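Data block below; observations after.
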Amino acid sequence: MSQITDTPAQQIDHQVRHYWANRAFDYSQLNAAELAGAKRARWLSKIMEYAPDGRRLRVLDIGTGPGFFAVTLALAGHQVTAVDMTDAMLEQARVNAAAWKVDIRFVSADVHSLPFDDNQFDLIVTRNVTWNLAYPLQAYQEWYRVLASGGRLINFDANWYLQLFDDECRQGYLADRARARHMGLEDHYVNTDTTAMENIARQLPLSRERRPQWDTRALLACGYHKIMLDTRVGDVLWDDEEKVNYASTPMFMLCAEK
């Protein structure tokens with residue numbers, strides 16, 4: 001009997017799931033601190049600045065992790081569904097939702113293929129997810145499918161691992177590490193399994209792309225008719241320690257309207 005082997009994309013998915021499953025508890029601790037501090041209000045303000053009008057939006061949080069966006073938007077009175085492909089992350093998200101006494105629908109799902117009907121959500125939010133994906137264009141197309149007409153996708157991300165393929169970006173990354181040490185700040189890469197994540201990132205398509213340029217082209221190809229872009233959103237949303245750690249990798253925000 002022949003043995004069925006995973007495709008390269010499935011192998012990457014397994015590696016990504018394993019990595020984030022191992023980081024679920026520590027990552028949840030970071031999210032819990034964000035929820036309890038001033039960051040929650042800053043993130044909510046930025047999201048609602050670009051969200052469609054509506055007092056009670058149907059929100060889909062894609063790649064919810066420990067549930068920071070899901071809890072934040074549920075506390076603001078919106079109807080939230082949150083998906084993640086890592087069960088360990090969803091367990092932490094349920095703990096955080098219970099701690100804040102909010103009702104959120106949590107779903108374990110592959111974000112490339114969502115278990116929802118067409119045109120179900122007014123707002124889709126996602127943070128630091130797309131760079132992890134084996135098929136980012138397919139994911140964008142799927143998210144477009146479940147978004148209602150007039151709905152908006154808001155995506156926060158960065159060129160996290162372009163430094164593996166670009167010498168200038170690599171020098172910026174190393175300068176960030178040195179600056180954090182010089183200033184006596186925590187190096188945010190120390191608490192991650194850098195070797196494992198870099199091995200995964202080398203296999204992911206968006207690690208090599210210039211973003212958000214790639215994303216803008218992809219979203220227009222999906223059918224979105226309006227794209228709004230903020231390439232300095234980290235100036236508002238990151239604290240001083242994050243700004244030092246990620247100076248060479250600025251966070252961007254893309255908002256796409258269907």
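Ligands are numbered from 1 in the order shown, residues from 1 within each chain, and chains are lettered A, B, ... in the order they appear in the structure tokens.
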
(request) Find the residues near Val233 in chain A: any atom within 10 Å, counting only C-alpha atoms, skip ones fewer than 5 places away on the same chain, and give them as a ChimeraX atom specification. (result) /A:46,156,238,250-254

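If only C-alpha atoms are the atoms counted, then among A:Glu168, A:Asp110, A:Glu186, A:Asp53 the closest residue to Asp240 in chain A is A:Glu186.
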
(request) Choose the residue, out of A:Val125, A:Val95, A:Leu60, A:Met85, that has the smallest atom-to-atom separation from Asn155 in chain A; count only C-alpha atoms. (result)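 Result for the nearest residue to Asn155 in chain A: A:Val125.
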
(message) Nearest residue to Ser149 in chain A out of A:Arg202, A:Arg55, A:Lys101, A:His225, using only C-alpha atoms?
(response)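 Going through A:Arg202, A:Arg55, A:Lys101, A:His225 one by one, the smallest distance to Ser149 in chain A is for A:His225.
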
(request) May I ask for the distance between CA of Val83 in chain A and CA of Arg40 in chain A, given in Å to one decimal place? (result)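 Going from CA of Val83 in chain A over to CA of Arg40 in chain A, I get 19.7 Å.
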
(request) Using DSSP on the backbone coordinates, identify all residues within range 164-251 of chain A classified as strand (DSSP E or B); present the result as a PyMOL selection string. (result) chain A and resi 226-230

(message) Between A:Ala82, A:Leu185, A:Ala33, A:Cys255, which residue has the minimum interatomic distance to Leu220 in chain A, considering only C-alpha atoms?
(response) A:Cys255

(request) Point out the residue among A:Thr126, A:Thr86, A:Thr72, A:Thr195 with the least atom-to-atom distance to Val102 in chain A, counting only C-alpha atoms. (result)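 The shortest atom-to-atom distance to Val102 in chain A comes from A:Thr72.
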
Residues at most 9 Å from range 211-213 of chain A, counting only C-alpha atoms, excluding those fewer than 5 positions away in the same chain, as a PDB file with N, CA and C atoms, in the first residue's frame?
ATOM      1  N   ASP A 157       0.065  44.193   9.342  1.00  0.00           N
ATOM      2  CA  ASP A 157       1.152  43.231   9.149  1.00  0.00           C
ATOM      3  C   ASP A 157       2.441  43.995   8.882  1.00  0.00           C
ATOM      4  N   ALA A 158       3.505  43.268   8.527  1.00  0.00           N
ATOM      5  CA  ALA A 158       4.804  43.894   8.252  1.00  0.00           C
ATOM      6  C   ALA A 158       5.635  42.940   7.402  1.00  0.00           C
ATOM      7  N   ASN A 159       6.763  43.441   6.905  1.00  0.00           N
ATOM      8  CA  ASN A 159       7.715  42.604   6.162  1.00  0.00           C
ATOM      9  C   ASN A 159       8.605  41.849   7.154  1.00  0.00           C
ATOM     10  N   LEU A 206       5.332  35.103   1.229  1.00  0.00           N
ATOM     11  CA  LEU A 206       5.367  36.539   1.480  1.00  0.00           C
ATOM     12  C   LEU A 206       6.650  37.014   2.140  1.00  0.00           C
ATOM     13  N   ALA A 218      -2.777  42.283  -4.897  1.00  0.00           N
ATOM     14  CA  ALA A 218      -3.585  41.089  -4.665  1.00  0.00           C
ATOM     15  C   ALA A 218      -5.031  41.443  -4.327  1.00  0.00           C
ATOM     16  N   LEU A 229      -4.350  52.824   2.793  1.00  0.00           N
ATOM     17  CA  LEU A 229      -3.072  52.323   3.267  1.00  0.00           C
ATOM     18  C   LEU A 229      -2.440  53.297   4.248  1.00  0.00           C
ATOM     19  N   THR A 231       1.260  53.311   6.141  1.00  0.00           N
ATOM     20  CA  THR A 231       2.539  52.628   6.315  1.00  0.00           C
ATOM     21  C   THR A 231       3.272  53.050   7.589  1.00  0.00           C
ATOM     22  N   PHE A 252       2.374  48.050   8.762  1.00  0.00           N
ATOM     23  CA  PHE A 252       1.456  48.742   7.874  1.00  0.00           C
ATOM     24  C   PHE A 252       0.028  48.303   8.142  1.00  0.00           C
ATOM     25  N   MET A 253      -0.902  49.116   7.741  1.00  0.00           N
ATOM     26  CA  MET A 253      -2.325  48.774   7.805  1.00  0.00           C
ATOM     27  C   MET A 253      -2.921  48.936   6.422  1.00  0.00           C
ATOM     28  N   LEU A 254      -3.606  47.911   5.972  1.00  0.00           N
ATOM     29  CA  LEU A 254      -4.343  47.935   4.719  1.00  0.00           C
ATOM     30  C   LEU A 254      -5.823  47.836   5.033  1.00  0.00           C
TER      31      LEU A 254
END

(message) Neighbouring residues of Asp103 in chain A were defined as those with any atom within 9 Å, considering only C-alpha atoms; residues of the same chain fewer than 3 positions away were excluded. Please report them as a ChimeraX atom specification.
(response) /A:71,74,79-80,97-98

(request) May I ask which of the residues A:Ala38, A:Ala134, A:Val190, A:Leu147 is the closest one to Asp118 in chain A, counting only C-alpha atoms? (result) A:Leu147

(request) Run DSSP on the backbone and grab whatever in range 27-228 of chain A lands in alpha helix (DSSP H); send it over as a PyMOL selection string. (result) chain A and resi 27-36+39-50+68-75+87-99+136-146+167-182+194-201+213-222
